[in-house]
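Content type mmCIF, C-alpha atoms and all ligand atoms, from the file query-v3.cif:
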data_run
#
loop_
_atom_site.label_atom_id
_atom_site.label_comp_id
_atom_site.auth_asym_id
_atom_site.auth_seq_id
_atom_site.Cartn_x
_atom_site.Cartn_y
_atom_site.Cartn_z
CA MET I 1 16.49 21.99 -2.57
CA ASN I 2 13.34 20.06 -1.69
CA SER I 3 11.31 17.70 -3.82
CA LYS I 4 7.59 17.97 -4.56
CA ILE I 5 4.72 15.95 -5.92
CA ALA I 6 4.14 17.54 -9.31
CA GLY I 7 1.42 15.24 -10.65
CA LEU I 8 -0.91 12.57 -9.29
CA GLY I 9 -3.06 9.88 -10.87
CA TYR I 10 -4.97 6.77 -9.90
CA TYR I 11 -6.78 3.87 -11.49
CA VAL I 12 -9.24 1.42 -9.99
CA PRO I 13 -10.85 -1.45 -11.91
CA GLU I 14 -14.50 -1.09 -12.92
CA ASN I 15 -15.61 -4.30 -11.22
CA VAL I 16 -17.20 -3.45 -7.84
CA VAL I 17 -17.36 -6.30 -5.30
CA THR I 18 -19.66 -5.60 -2.36
CA ASN I 19 -19.53 -7.24 1.05
CA ASN I 20 -22.70 -9.10 0.13
CA ASP I 21 -21.00 -10.44 -3.00
CA LEU I 22 -18.34 -12.06 -0.77
CA THR I 23 -20.99 -13.89 1.27
CA GLN I 24 -21.47 -16.20 -1.75
CA TYR I 25 -18.02 -17.67 -1.09
CA MET I 26 -17.45 -17.45 2.67
CA ASP I 27 -19.25 -17.18 5.97
CA THR I 28 -19.22 -13.42 6.52
CA SER I 29 -21.67 -10.53 6.49
CA ASP I 30 -21.91 -6.93 5.38
CA GLU I 31 -22.57 -5.99 9.00
CA TRP I 32 -19.42 -7.72 10.34
CA ILE I 33 -17.17 -6.23 7.68
CA GLN I 34 -18.51 -2.68 8.01
CA GLU I 35 -18.46 -2.74 11.78
CA ARG I 36 -14.86 -3.99 12.07
CA THR I 37 -13.26 -2.31 9.04
CA GLY I 38 -15.57 0.35 7.61
CA ILE I 39 -15.31 -1.32 4.19
CA GLN I 40 -18.48 -1.40 2.05
CA GLU I 41 -17.03 -2.52 -1.27
CA ARG I 42 -13.75 -2.96 -3.14
CA ARG I 43 -12.67 -3.28 -6.78
CA TYR I 44 -11.33 -6.44 -8.39
CA ALA I 45 -9.22 -6.34 -11.52
CA SER I 46 -10.22 -8.42 -14.51
CA LYS I 47 -8.53 -11.82 -14.07
CA HIS I 48 -6.91 -11.89 -17.50
CA SER I 49 -7.03 -8.41 -18.99
CA GLU I 50 -5.71 -6.36 -16.06
CA SER I 51 -2.55 -6.74 -14.03
CA THR I 52 -0.60 -4.87 -11.38
CA THR I 53 1.47 -3.29 -14.15
CA SER I 54 -1.45 -2.44 -16.43
CA MET I 55 -3.25 -0.61 -13.61
CA ALA I 56 -0.01 1.21 -12.77
CA LYS I 57 0.29 2.27 -16.39
CA PHE I 58 -3.10 4.02 -16.39
CA ALA I 59 -2.36 5.79 -13.10
CA SER I 60 1.10 6.81 -14.33
CA GLU I 61 -0.17 8.29 -17.58
CA ILE I 62 -2.51 10.58 -15.66
CA ALA I 63 0.21 11.63 -13.19
CA ILE I 64 2.68 12.31 -16.02
CA GLU I 65 0.17 14.45 -17.91
CA ARG I 66 -0.73 16.41 -14.78
CA ALA I 67 2.96 17.04 -14.07
CA GLY I 68 3.14 18.68 -17.51
CA ILE I 69 5.88 16.41 -18.80
CA SER I 70 6.09 13.63 -21.34
CA LYS I 71 6.91 9.97 -20.68
CA GLU I 72 10.38 10.46 -22.14
CA ASP I 73 11.15 13.00 -19.39
CA ILE I 74 10.86 10.32 -16.68
CA ASP I 75 14.40 9.60 -15.50
CA PHE I 76 13.71 6.95 -12.82
CA ILE I 77 10.89 4.58 -11.85
CA ILE I 78 10.10 3.41 -8.33
CA PHE I 79 7.45 0.70 -8.13
CA ALA I 80 5.95 -0.43 -4.81
CA THR I 81 3.83 -3.59 -4.71
CA LEU I 82 3.34 -6.83 -2.81
CA SER I 83 1.43 -8.41 -5.69
CA PRO I 84 3.90 -8.25 -8.59
CA ASP I 85 2.98 -9.72 -11.94
CA TYR I 86 6.04 -11.97 -11.85
CA TYR I 87 8.12 -13.34 -8.97
CA PHE I 88 10.92 -11.70 -10.94
CA PRO I 89 11.63 -9.41 -12.73
CA GLY I 90 9.80 -6.73 -10.78
CA CYS I 91 7.03 -4.50 -12.07
CA GLY I 92 9.35 -1.49 -12.52
CA VAL I 93 10.76 -2.75 -15.81
CA LEU I 94 7.35 -4.02 -16.95
CA LEU I 95 5.90 -0.56 -16.39
CA GLN I 96 8.80 1.00 -18.27
CA ARG I 97 8.06 -1.32 -21.20
CA GLU I 98 4.29 -0.74 -21.06
CA LEU I 99 4.81 3.02 -21.03
CA GLY I 100 7.06 2.63 -24.08
CA ILE I 101 10.07 4.37 -22.55
CA THR I 102 12.72 1.69 -22.95
CA LYS I 103 14.88 3.76 -25.34
CA THR I 104 16.05 6.06 -22.53
CA GLU I 105 17.27 3.04 -20.52
CA ILE I 106 16.38 4.71 -17.20
CA GLY I 107 16.70 2.84 -13.91
CA ALA I 108 13.74 1.03 -12.34
CA LEU I 109 13.60 0.10 -8.67
CA ASP I 110 11.10 -2.23 -7.03
CA ILE I 111 10.08 -1.68 -3.42
CA ARG I 112 8.76 -4.51 -1.25
CA ASN I 113 7.46 -2.74 1.80
CA GLN I 114 3.81 -3.63 1.52
CA CYS I 115 1.49 -1.02 3.06
CA SER I 116 4.30 1.46 3.69
CA GLY I 117 5.73 0.98 0.17
CA PHE I 118 4.56 4.34 -1.15
CA VAL I 119 5.95 6.29 1.81
CA TYR I 120 9.25 4.39 1.54
CA GLY I 121 9.31 5.10 -2.20
CA LEU I 122 8.56 8.78 -1.61
CA SER I 123 11.48 9.01 0.79
CA VAL I 124 13.82 7.32 -1.70
CA ALA I 125 12.61 9.65 -4.48
CA ASP I 126 13.08 12.64 -2.19
CA GLN I 127 16.72 11.71 -1.52
CA PHE I 128 17.45 11.19 -5.23
CA ILE I 129 15.92 14.56 -6.14
CA LYS I 130 17.72 16.36 -3.30
CA SER I 131 21.05 14.88 -4.34
CA GLY I 132 20.45 16.17 -7.87
CA MET I 133 20.59 12.68 -9.38
CA TYR I 134 17.11 12.76 -10.98
CA LYS I 135 14.54 15.40 -11.98
CA ASN I 136 11.36 13.49 -12.86
CA ILE I 137 10.82 10.35 -10.82
CA LEU I 138 7.74 8.23 -11.44
CA LEU I 139 6.63 6.65 -8.15
CA VAL I 140 3.87 4.05 -8.31
CA GLY I 141 1.99 1.84 -5.87
CA SER I 142 -0.17 -0.83 -7.47
CA GLU I 143 -1.82 -4.02 -6.25
CA LYS I 144 -3.81 -6.86 -7.73
CA HIS I 145 -4.70 -8.62 -4.50
CA SER I 146 -7.80 -10.34 -5.86
CA MET I 147 -5.78 -13.07 -7.53
CA GLY I 148 -4.02 -14.23 -4.35
CA LEU I 149 -6.79 -14.40 -1.76
CA ASP I 150 -8.41 -17.36 -0.03
CA TYR I 151 -12.11 -17.14 -0.89
CA THR I 152 -13.12 -19.80 1.62
CA THR I 153 -14.22 -19.09 5.20
CA ARG I 154 -10.68 -20.04 6.29
CA GLY I 155 -9.34 -16.84 4.70
CA ARG I 156 -12.19 -14.47 5.57
CA ASN I 157 -10.33 -12.26 8.06
CA VAL I 158 -7.84 -11.29 5.33
CA THR I 159 -9.87 -11.56 2.14
CA VAL I 160 -12.64 -9.13 3.08
CA ILE I 161 -10.10 -6.35 3.71
CA PHE I 162 -8.17 -6.16 0.45
CA GLY I 163 -8.92 -4.62 -2.94
CA ASP I 164 -7.17 -3.78 -6.21
CA GLY I 165 -5.98 -0.47 -7.67
CA ALA I 166 -3.04 1.76 -8.50
CA GLY I 167 -1.82 5.26 -7.69
CA ALA I 168 1.08 7.23 -9.13
CA ALA I 169 3.03 10.42 -8.49
CA VAL I 170 5.68 12.36 -10.38
CA ILE I 171 8.33 13.75 -8.05
CA GLN I 172 10.29 16.81 -9.15
CA PRO I 173 12.69 19.35 -7.61
CA GLU I 174 11.19 22.25 -5.60
CA GLU I 175 13.42 25.34 -5.44
CA ASP I 176 11.51 26.94 -2.53
CA ASP I 177 12.77 25.08 0.53
CA SER I 178 9.72 26.04 2.59
CA LYS I 179 7.61 23.92 0.20
CA GLY I 180 7.47 20.35 -1.06
CA ILE I 181 8.43 17.29 0.98
CA LEU I 182 9.58 18.71 4.31
CA THR I 183 10.53 15.46 6.02
CA THR I 184 10.17 11.68 5.77
CA HIS I 185 10.59 9.03 8.47
CA LEU I 186 11.00 5.29 7.90
CA HIS I 187 10.95 2.48 10.44
CA SER I 188 10.79 -1.29 10.69
CA ASP I 189 10.71 -4.07 13.25
CA GLY I 190 10.92 -7.64 11.95
CA THR I 191 9.96 -9.25 15.26
CA HIS I 192 6.48 -10.07 13.99
CA ALA I 193 7.33 -10.59 10.32
CA GLU I 194 5.15 -13.70 9.99
CA GLU I 195 2.08 -12.17 11.67
CA LEU I 196 1.02 -10.37 8.48
CA ALA I 197 2.62 -12.27 5.66
CA PHE I 198 2.39 -14.18 2.42
CA ILE I 199 4.94 -16.84 3.28
CA SER I 200 4.71 -19.38 0.49
CA PRO I 201 5.71 -19.51 -2.29
CA GLY I 202 9.13 -18.50 -1.03
CA ALA I 203 12.64 -19.87 -0.52
CA HIS I 204 12.43 -20.27 3.29
CA GLY I 205 12.01 -24.06 3.14
CA GLY I 206 10.68 -23.90 6.70
CA TYR I 207 13.91 -22.27 7.99
CA PHE I 208 12.17 -19.74 10.21
CA GLY I 209 9.78 -22.12 11.83
CA ASP I 210 8.33 -25.55 11.78
CA THR I 211 9.48 -27.25 8.59
CA GLU I 212 6.65 -29.76 8.93
CA LYS I 213 4.17 -26.92 8.90
CA TYR I 214 5.41 -25.70 5.55
CA GLY I 215 5.50 -29.18 4.08
CA PHE I 216 9.15 -30.16 3.45
CA PRO I 217 9.25 -28.25 0.15
CA GLY I 218 10.14 -30.61 -2.66
CA GLU I 219 11.71 -33.60 -0.91
CA ASP I 220 12.42 -35.26 -4.26
CA THR I 221 14.45 -32.39 -5.68
CA PRO I 222 18.01 -31.39 -4.68
CA GLY I 223 17.08 -27.79 -3.89
CA GLY I 224 13.43 -27.98 -2.92
CA LEU I 225 10.42 -26.22 -4.42
CA PHE I 226 8.70 -22.94 -3.75
CA VAL I 227 5.26 -24.56 -3.76
CA THR I 228 4.24 -28.08 -2.74
CA GLN I 229 0.96 -29.89 -2.90
CA LYS I 230 0.73 -29.78 0.90
CA MET I 231 1.02 -26.01 0.83
CA MET I 232 -1.79 -25.81 -1.67
CA ASP I 233 -3.98 -28.31 0.14
CA GLU I 234 -3.60 -26.54 3.47
CA GLY I 235 -4.00 -23.01 2.18
CA MET I 236 -0.43 -21.94 2.91
CA ILE I 237 -0.30 -20.20 -0.43
CA PHE I 238 -2.46 -17.36 0.87
CA PRO I 239 -1.73 -14.32 3.02
CA ASN I 240 -2.27 -14.68 6.76
CA MET I 241 -2.79 -12.03 9.39
CA ASN I 242 -2.97 -11.80 13.15
CA GLY I 243 -5.52 -9.00 13.00
CA GLN I 244 -5.50 -8.02 16.65
CA LEU I 245 -1.70 -7.83 16.88
CA VAL I 246 -1.61 -5.76 13.69
CA PHE I 247 -4.31 -3.44 15.02
CA LYS I 248 -2.53 -2.85 18.34
CA ASN I 249 0.82 -2.15 16.71
CA ALA I 250 -0.69 0.01 13.98
CA VAL I 251 -2.45 2.50 16.24
CA VAL I 252 0.65 3.08 18.36
CA ARG I 253 3.10 3.36 15.48
CA PHE I 254 0.92 5.50 13.22
CA ALA I 255 0.67 8.06 16.02
CA ARG I 256 4.35 7.87 16.93
CA VAL I 257 5.66 8.34 13.40
CA ILE I 258 3.33 11.30 12.75
CA LYS I 259 4.55 12.91 16.00
CA GLU I 260 8.13 12.32 14.88
CA ALA I 261 7.52 14.21 11.61
CA LEU I 262 5.83 17.08 13.45
CA ALA I 263 8.67 17.30 15.98
CA LYS I 264 11.30 17.34 13.22
CA THR I 265 9.61 20.28 11.49
CA GLY I 266 8.51 22.11 14.65
CA LEU I 267 4.87 21.91 13.55
CA SER I 268 1.87 20.85 15.60
CA GLY I 269 -0.97 18.43 14.89
CA ASP I 270 -3.55 21.17 14.53
CA GLU I 271 -1.52 22.66 11.66
CA ILE I 272 -2.13 19.54 9.54
CA SER I 273 -4.48 20.54 6.70
CA LEU I 274 -5.02 16.96 5.58
CA LEU I 275 -3.88 13.63 6.99
CA VAL I 276 -3.92 10.88 4.37
CA PRO I 277 -3.35 7.68 6.32
CA HIS I 278 -2.73 4.35 4.64
CA GLN I 279 -6.21 2.87 4.31
CA ALA I 280 -5.62 -0.19 6.51
CA ASN I 281 -8.89 -0.14 8.37
CA LEU I 282 -11.29 2.74 9.03
CA ARG I 283 -11.14 2.00 12.77
CA ILE I 284 -7.35 2.49 12.76
CA SER I 285 -7.70 5.82 10.89
CA GLN I 286 -10.37 6.98 13.35
CA PHE I 287 -8.16 6.03 16.29
CA VAL I 288 -5.27 8.06 14.85
CA GLN I 289 -7.59 10.98 14.08
CA LYS I 290 -8.80 10.99 17.67
CA SER I 291 -5.32 10.80 19.14
CA PHE I 292 -4.39 14.04 17.30
CA GLY I 293 -7.76 15.68 17.90
CA LEU I 294 -8.28 16.18 14.16
CA ARG I 295 -11.63 17.17 12.66
CA ASP I 296 -13.26 14.96 10.01
CA ASP I 297 -12.29 17.42 7.27
CA GLN I 298 -8.61 17.07 8.28
CA VAL I 299 -8.50 13.32 7.50
CA TYR I 300 -9.12 11.65 4.15
CA ASN I 301 -10.54 8.12 4.05
CA ASN I 302 -11.81 6.15 1.08
CA ILE I 303 -11.40 2.59 2.38
CA GLN I 304 -15.21 2.38 2.35
CA LYS I 305 -15.10 2.21 -1.49
CA TYR I 306 -11.82 0.45 -2.22
CA GLY I 307 -10.83 -1.65 0.79
CA ASN I 308 -7.16 -1.81 1.66
CA THR I 309 -5.11 -1.47 -1.53
CA THR I 310 -1.76 -1.71 0.30
CA ALA I 311 0.97 0.20 -1.61
CA ALA I 312 -1.69 1.88 -3.77
CA SER I 313 -3.85 3.16 -0.94
CA ILE I 314 -2.05 6.43 -0.14
CA PRO I 315 -1.56 7.56 -3.76
CA ILE I 316 -5.18 6.67 -4.62
CA ALA I 317 -6.48 8.58 -1.58
CA LEU I 318 -4.15 11.53 -2.13
CA THR I 319 -5.17 11.79 -5.78
CA GLU I 320 -8.87 11.63 -4.94
CA ALA I 321 -8.44 14.27 -2.24
CA TRP I 322 -6.56 16.49 -4.70
CA GLU I 323 -9.26 15.97 -7.37
CA GLU I 324 -11.92 16.93 -4.82
CA GLY I 325 -10.09 20.20 -4.11
CA LYS I 326 -9.02 19.12 -0.64
CA VAL I 327 -5.31 19.66 -1.28
CA ASN I 328 -4.37 23.24 -2.12
CA GLU I 329 -1.25 25.36 -2.36
CA GLY I 330 0.18 26.06 1.09
CA ASP I 331 -1.60 23.12 2.74
CA LEU I 332 0.30 20.89 5.14
CA VAL I 333 -0.33 17.30 4.04
CA CYS I 334 0.69 14.41 6.24
CA LEU I 335 1.08 10.86 4.87
CA ALA I 336 1.46 7.94 7.26
CA ALA I 337 1.52 4.19 6.79
CA PHE I 338 1.94 0.99 8.76
CA GLY I 339 1.91 -2.58 7.58
CA SER I 340 3.49 -5.98 7.10
CA GLY I 341 7.08 -6.32 8.26
CA PHE I 342 6.26 -4.48 10.39
CA THR I 343 7.31 -1.41 8.43
CA TRP I 344 5.95 2.08 8.87
CA GLY I 345 6.66 5.66 7.91
CA SER I 346 5.46 9.22 7.52
CA ALA I 347 5.96 12.25 5.31
CA LEU I 348 5.04 15.90 5.74
CA ILE I 349 4.48 17.92 2.58
CA ARG I 350 3.89 21.66 2.21
CA TRP I 351 1.84 21.78 -1.00
C1 LIG I 401 -9.07 -8.12 10.91
C2 LIG I 401 -9.94 -7.51 11.99
C3 LIG I 401 -11.02 -6.68 11.35
C4 LIG I 401 -10.57 -8.64 12.77
O1 LIG I 401 -11.32 -8.11 13.82
P1 LIG I 401 -11.18 -8.73 15.28
O2 LIG I 401 -12.17 -8.08 16.13
O3 LIG I 401 -9.75 -8.60 15.66
O4 LIG I 401 -11.60 -10.19 15.01
P2 LIG I 401 -10.87 -11.54 15.38
O5 LIG I 401 -9.79 -11.84 14.41
O6 LIG I 401 -10.52 -11.52 16.84
O7 LIG I 401 -12.05 -12.52 15.15
C5 LIG I 401 -13.29 -12.41 15.84
C6 LIG I 401 -14.25 -13.41 15.27
O8 LIG I 401 -14.66 -12.96 13.97
C7 LIG I 401 -14.45 -14.01 13.03
N1 LIG I 401 -14.16 -13.43 11.74
C8 LIG I 401 -12.97 -13.12 11.19
N2 LIG I 401 -13.14 -12.59 9.96
C9 LIG I 401 -14.47 -12.59 9.74
C10 LIG I 401 -15.25 -12.17 8.64
N3 LIG I 401 -14.70 -11.65 7.52
N4 LIG I 401 -16.59 -12.30 8.75
C11 LIG I 401 -17.15 -12.80 9.85
N5 LIG I 401 -16.46 -13.22 10.92
C12 LIG I 401 -15.13 -13.11 10.86
C13 LIG I 401 -13.32 -14.80 13.58
O9 LIG I 401 -13.31 -16.10 13.04
C14 LIG I 401 -13.62 -14.79 15.05
O10 LIG I 401 -14.60 -15.72 15.32
P3 LIG I 401 -14.59 -16.56 16.70
O11 LIG I 401 -14.71 -15.54 17.78
O12 LIG I 401 -15.78 -17.43 16.55
O13 LIG I 401 -13.27 -17.28 16.70
C15 LIG I 401 -9.13 -6.62 12.96
O14 LIG I 401 -8.29 -7.42 13.76
C16 LIG I 401 -8.30 -5.62 12.25
O15 LIG I 401 -8.82 -4.72 11.63
N6 LIG I 401 -6.98 -5.73 12.34
C17 LIG I 401 -6.08 -4.87 11.62
C18 LIG I 401 -6.03 -5.39 10.23
C19 LIG I 401 -5.35 -4.46 9.30
O16 LIG I 401 -5.47 -3.27 9.37
N7 LIG I 401 -4.62 -5.05 8.38
C20 LIG I 401 -3.96 -4.34 7.38
C21 LIG I 401 -2.70 -3.79 7.93
S1 LIG I 401 -1.90 -2.90 6.75
#

Could you show the structure in this file as structure tokens?
Ligand SMILES: CC(C)(COP(=O)(O)OP(=O)(O)OC[C@H]1O[C@@H](n2cnc3c(N)ncnc32)[C@H](O)[C@@H]1OP(=O)(O)O)[C@@H](O)C(=O)NCCC(=O)NCCS
Amino acid sequence: MNSKIAGLGYYVPENVVTNNDLTQYMDTSDEWIQERTGIQERRYASKHSESTTSMAKFASEIAIERAGISKEDIDFIIFATLSPDYYFPGCGVLLQRELGITKTEIGALDIRNQCSGFVYGLSVADQFIKSGMYKNILLVGSEKHSMGLDYTTRGRNVTVIFGDGAGAAVIQPEEDDSKGILTTHLHSDGTHAEELAFISPGAHGGYFGDTEKYGFPGEDTPGGLFVTQKMMDEGMIFPNMNGQLVFKNAVVRFARVIKEALAKTGLSGDEISLLVPHQANLRISQFVQKSFGLRDDQVYNNIQKYGNTTAASIPIALTEAWEEGKVNEGDLVCLAAFGSGFTWGSALIRW
């Protein structure tokens, strides 16, 4: 038995933030951002009335309806995010509560794999469905990045890239083994973990590097503190990224993990009906497209409108593509992601 995506949904906040809007806060320009990333605008959630979970709820409700089931039929939740509402508990249980399905006491799993979170979650869901353990898994990727970015010039290389949004999928069994999720491939390499990271607040206490740099967390307390004044003053409470290193690793690993999926299934690149790459950067997607010789209509990109929405980017893009009639029965859909960790993965789906 295979598993399949039976319903898709997405939600993006109404508030559009253009590249020009960002120039009010930092030294950047529409030209620089578009040239390097392809991004024209992104969405920012309302500070107080929207959260990672609330966006996930809207996306989930659409996916559940399209799958032709009710909320009570969901038997497991998988939630991928790097911007959870709380440090703990994770967003999985919050989503369960917001959807009003606590009576069934189903399991909820949180995935912390950043940009590859949705592909990792899809692979986990696929294994659970194949083993017969669950029949209606709700898989969500949602991010509210806007609340954790450095809006000064110091943070411009990261801040201009990211946006908010959520995407959801319902995963169900597929009796026809020539259809559904054909294969998934997951990889990681922690060598460069700190090169694309949100390091503090965290419990590292400087263990992995220069303690001085991270500000001797909480000298006056027996155990230390997640956040210190020094961390706040020096902007250590924001994500950091070595853009060039990420770029170089991304282009190689995107291509390699797509090839791996094709080799496993005996299919070739030109048989891909639609590649939906994680929307990291339009230049990365174009590089991958070129390396497989794919036409423009074989690759779906929407980073221009939403920026990089990390775990939400693939389900948002896949849902939009499906809504636009670009994903049809019999199509071979390829998902691929690369991001912080580094972690990366791919999935091939016969729709
Ligand atoms: C982030 C990225 C666009 C930066 O492009 P780049 O060509 O590598 O740029 P660099 O970081 O080398 O910086 C070049 C210059 O632009 C400046 N710069 C950085 N961000 C800027 C911004 N938003 N606006 C204007 N200038 C900026 C830098 O300060 C630097 O200036 P300097 O030469 O005076 O020191 C690019 O590295 C990239 O796309 N990397 C992959 C990122 C990614 O996909 N992340 C998500 C992974 S899931």

Please report as JSON lines every residue of chain I lying within 6 Å of ligand LIG 401 (chain I), along with the nearest atom pair and their distance in Å (one decimal), using all atoms listed in the file.
{"residue": "I:Thr28", "atom": "CA", "partner": "I:LIG401", "partner_atom": "N4", "distance": 3.6}
{"residue": "I:Ser29", "atom": "CA", "partner": "I:LIG401", "partner_atom": "N4", "distance": 5.8}
{"residue": "I:Trp32", "atom": "CA", "partner": "I:LIG401", "partner_atom": "C11", "distance": 5.6}
{"residue": "I:Ile33", "atom": "CA", "partner": "I:LIG401", "partner_atom": "N3", "distance": 6.0}
{"residue": "I:Arg36", "atom": "CA", "partner": "I:LIG401", "partner_atom": "C3", "distance": 4.7}
{"residue": "I:Thr37", "atom": "CA", "partner": "I:LIG401", "partner_atom": "C3", "distance": 5.4}
{"residue": "I:Cys115", "atom": "CA", "partner": "I:LIG401", "partner_atom": "S1", "distance": 5.4}
{"residue": "I:Arg156", "atom": "CA", "partner": "I:LIG401", "partner_atom": "N3", "distance": 4.2}
{"residue": "I:Asn157", "atom": "CA", "partner": "I:LIG401", "partner_atom": "N2", "distance": 3.4}
{"residue": "I:Val160", "atom": "CA", "partner": "I:LIG401", "partner_atom": "N3", "distance": 5.5}
{"residue": "I:Gly243", "atom": "CA", "partner": "I:LIG401", "partner_atom": "O14", "distance": 3.3}
{"residue": "I:Gln244", "atom": "CA", "partner": "I:LIG401", "partner_atom": "O14", "distance": 4.1}
{"residue": "I:Val246", "atom": "CA", "partner": "I:LIG401", "partner_atom": "C17", "distance": 5.0}
{"residue": "I:Phe247", "atom": "CA", "partner": "I:LIG401", "partner_atom": "C17", "distance": 4.1}
{"residue": "I:Ala280", "atom": "CA", "partner": "I:LIG401", "partner_atom": "O16", "distance": 4.2}
{"residue": "I:Asn281", "atom": "CA", "partner": "I:LIG401", "partner_atom": "O16", "distance": 4.7}
{"residue": "I:Phe338", "atom": "CA", "partner": "I:LIG401", "partner_atom": "S1", "distance": 5.8}
{"residue": "I:Gly339", "atom": "CA", "partner": "I:LIG401", "partner_atom": "S1", "distance": 3.9}

Looking at only C-alpha atoms, which of I:Leu149, I:Leu196, I:Val299, I:Ile272 is the one that sits closest to I:Phe342?
-> I:Leu196

Within 12 Å of I:Ala67, counting all atoms listed in the file, which residues qualify if same-chain residues fewer than 4 places away don't, as a list in words?
-> Lys4, Ile5, Ala6, Gly7, Leu8, Gly9, Ser60, Glu61, Ile62, Ala63, Lys71, Asp73, Ile74, Lys135, Asn136, Ile137, Leu138, Ala168, Ala169, Val170, Ile171, Gln172 and Pro173 of chain I

Once 8 Å is added on each side, what are the centre and the three edge lengths, in Å to one decimal, of the axis-aligned box enclosing the listed atoms of stretch 229-237 of chain I? Present them as lines of an AutoDock Vina configuration file.
center_x = -1.5
center_y = -25.0
center_z = 0.3
size_x = 21.0
size_y = 25.7
size_z = 22.4

Can you tell me, as an MDAnalysis selection string, what residues are no more than 10 Å from stretch 313-318 of chain I when counting only C-alpha atoms, ignoring any on the same chain fewer than 2 positions away?
-> chainID I and resid 8:12 59 115:119 139:143 163:169 274:280 300:303 306:311 320:324 326:327 333 335:337

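Take the candidates I:Asp150, I:Leu182, I:Phe58, I:His48 and check each one against I:Gly266 using all atoms listed in the file; the shortest distance goes to I:Leu182.
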
Determine the nearest neighbour of I:Gly132 from the options I:Leu99, I:Ile161, I:Met1, I:Ile284, counting all atoms listed in the file.
-> I:Met1

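Minimum atom-to-atom distance to I:Asp296, evaluated using only C-alpha atoms, belongs to I:Ser273 out of I:Ala56, I:Ser273, I:Gly180, I:Ser188.
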
Within-8 Å shell of (13.0, 8.1, -5.3) in input frame, all atoms listed in the file, as a PDB file with C-alpha atoms, keeping the file's coordinate frame:
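Here's the written file out.pdb:
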ATOM      1  CA  PHE I  76      13.710   6.950 -12.820  1.00  0.00           C
ATOM      2  CA  ILE I  77      10.890   4.580 -11.850  1.00  0.00           C
ATOM      3  CA  ILE I  78      10.100   3.410  -8.330  1.00  0.00           C
ATOM      4  CA  GLY I 121       9.310   5.100  -2.200  1.00  0.00           C
ATOM      5  CA  LEU I 122       8.560   8.780  -1.610  1.00  0.00           C
ATOM      6  CA  SER I 123      11.480   9.010   0.790  1.00  0.00           C
ATOM      7  CA  VAL I 124      13.820   7.320  -1.700  1.00  0.00           C
ATOM      8  CA  ALA I 125      12.610   9.650  -4.480  1.00  0.00           C
ATOM      9  CA  ASP I 126      13.080  12.640  -2.190  1.00  0.00           C
ATOM     10  CA  GLN I 127      16.720  11.710  -1.520  1.00  0.00           C
ATOM     11  CA  PHE I 128      17.450  11.190  -5.230  1.00  0.00           C
ATOM     12  CA  ILE I 129      15.920  14.560  -6.140  1.00  0.00           C
ATOM     13  CA  ILE I 137      10.820  10.350 -10.820  1.00  0.00           C
ATOM     14  CA  LEU I 139       6.630   6.650  -8.150  1.00  0.00           C
ATOM     15  CA  ILE I 171       8.330  13.750  -8.050  1.00  0.00           C
TER      16      ILE I 171
END

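Rounded to one decimal, atom CA of I:Ala45 and atom CA of I:Glu14 lie 7.6 Å from each other.
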
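As for atom CA of I:Lys130 and atom CA of I:Pro84, they are spaced 28.7 Å apart.
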
Within 9 Å of (5.2, -5.6, -14.0) (coordinates as in the file), grab all the protein and nucleic acid residues, counting all atoms listed in the file, and write them out as an mmCIF file with C-alpha atoms, in the frame of the given file.
data_model
loop_
_atom_site.group_PDB
_atom_site.id
_atom_site.type_symbol
_atom_site.label_atom_id
_atom_site.label_comp_id
_atom_site.auth_asym_id
_atom_site.auth_seq_id
_atom_site.Cartn_x
_atom_site.Cartn_y
_atom_site.Cartn_z
ATOM 1 C CA SER I 51 -2.550 -6.740 -14.030
ATOM 2 C CA THR I 52 -0.600 -4.870 -11.380
ATOM 3 C CA THR I 53 1.470 -3.290 -14.150
ATOM 4 C CA SER I 54 -1.450 -2.440 -16.430
ATOM 5 C CA ALA I 56 -0.010 1.210 -12.770
ATOM 6 C CA PHE I 79 7.450 0.700 -8.130
ATOM 7 C CA PRO I 84 3.900 -8.250 -8.590
ATOM 8 C CA ASP I 85 2.980 -9.720 -11.940
ATOM 9 C CA TYR I 86 6.040 -11.970 -11.850
ATOM 10 C CA PHE I 88 10.920 -11.700 -10.940
ATOM 11 C CA PRO I 89 11.630 -9.410 -12.730
ATOM 12 C CA GLY I 90 9.800 -6.730 -10.780
ATOM 13 C CA CYS I 91 7.030 -4.500 -12.070
ATOM 14 C CA GLY I 92 9.350 -1.490 -12.520
ATOM 15 C CA VAL I 93 10.760 -2.750 -15.810
ATOM 16 C CA LEU I 94 7.350 -4.020 -16.950
ATOM 17 C CA LEU I 95 5.900 -0.560 -16.390
ATOM 18 C CA GLN I 96 8.800 1.000 -18.270
ATOM 19 C CA ARG I 97 8.060 -1.320 -21.200
ATOM 20 C CA GLU I 98 4.290 -0.740 -21.060
#

From the list I:Gln229, I:Ser146, I:Thr265, I:Ser291, the nearest residue to I:Leu332 using all atoms listed in the file is I:Thr265

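You can rank I:Leu225, I:Ile101, I:Leu186, I:Ala312 by their closest distance to I:Glu260 using all atoms listed in the file, and at the top of that list sits I:Leu186.
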
Tell me, in Å to one decimal, how far atom CA of I:Met232 is from atom CA of I:Gly148.
-> 12.1 Å
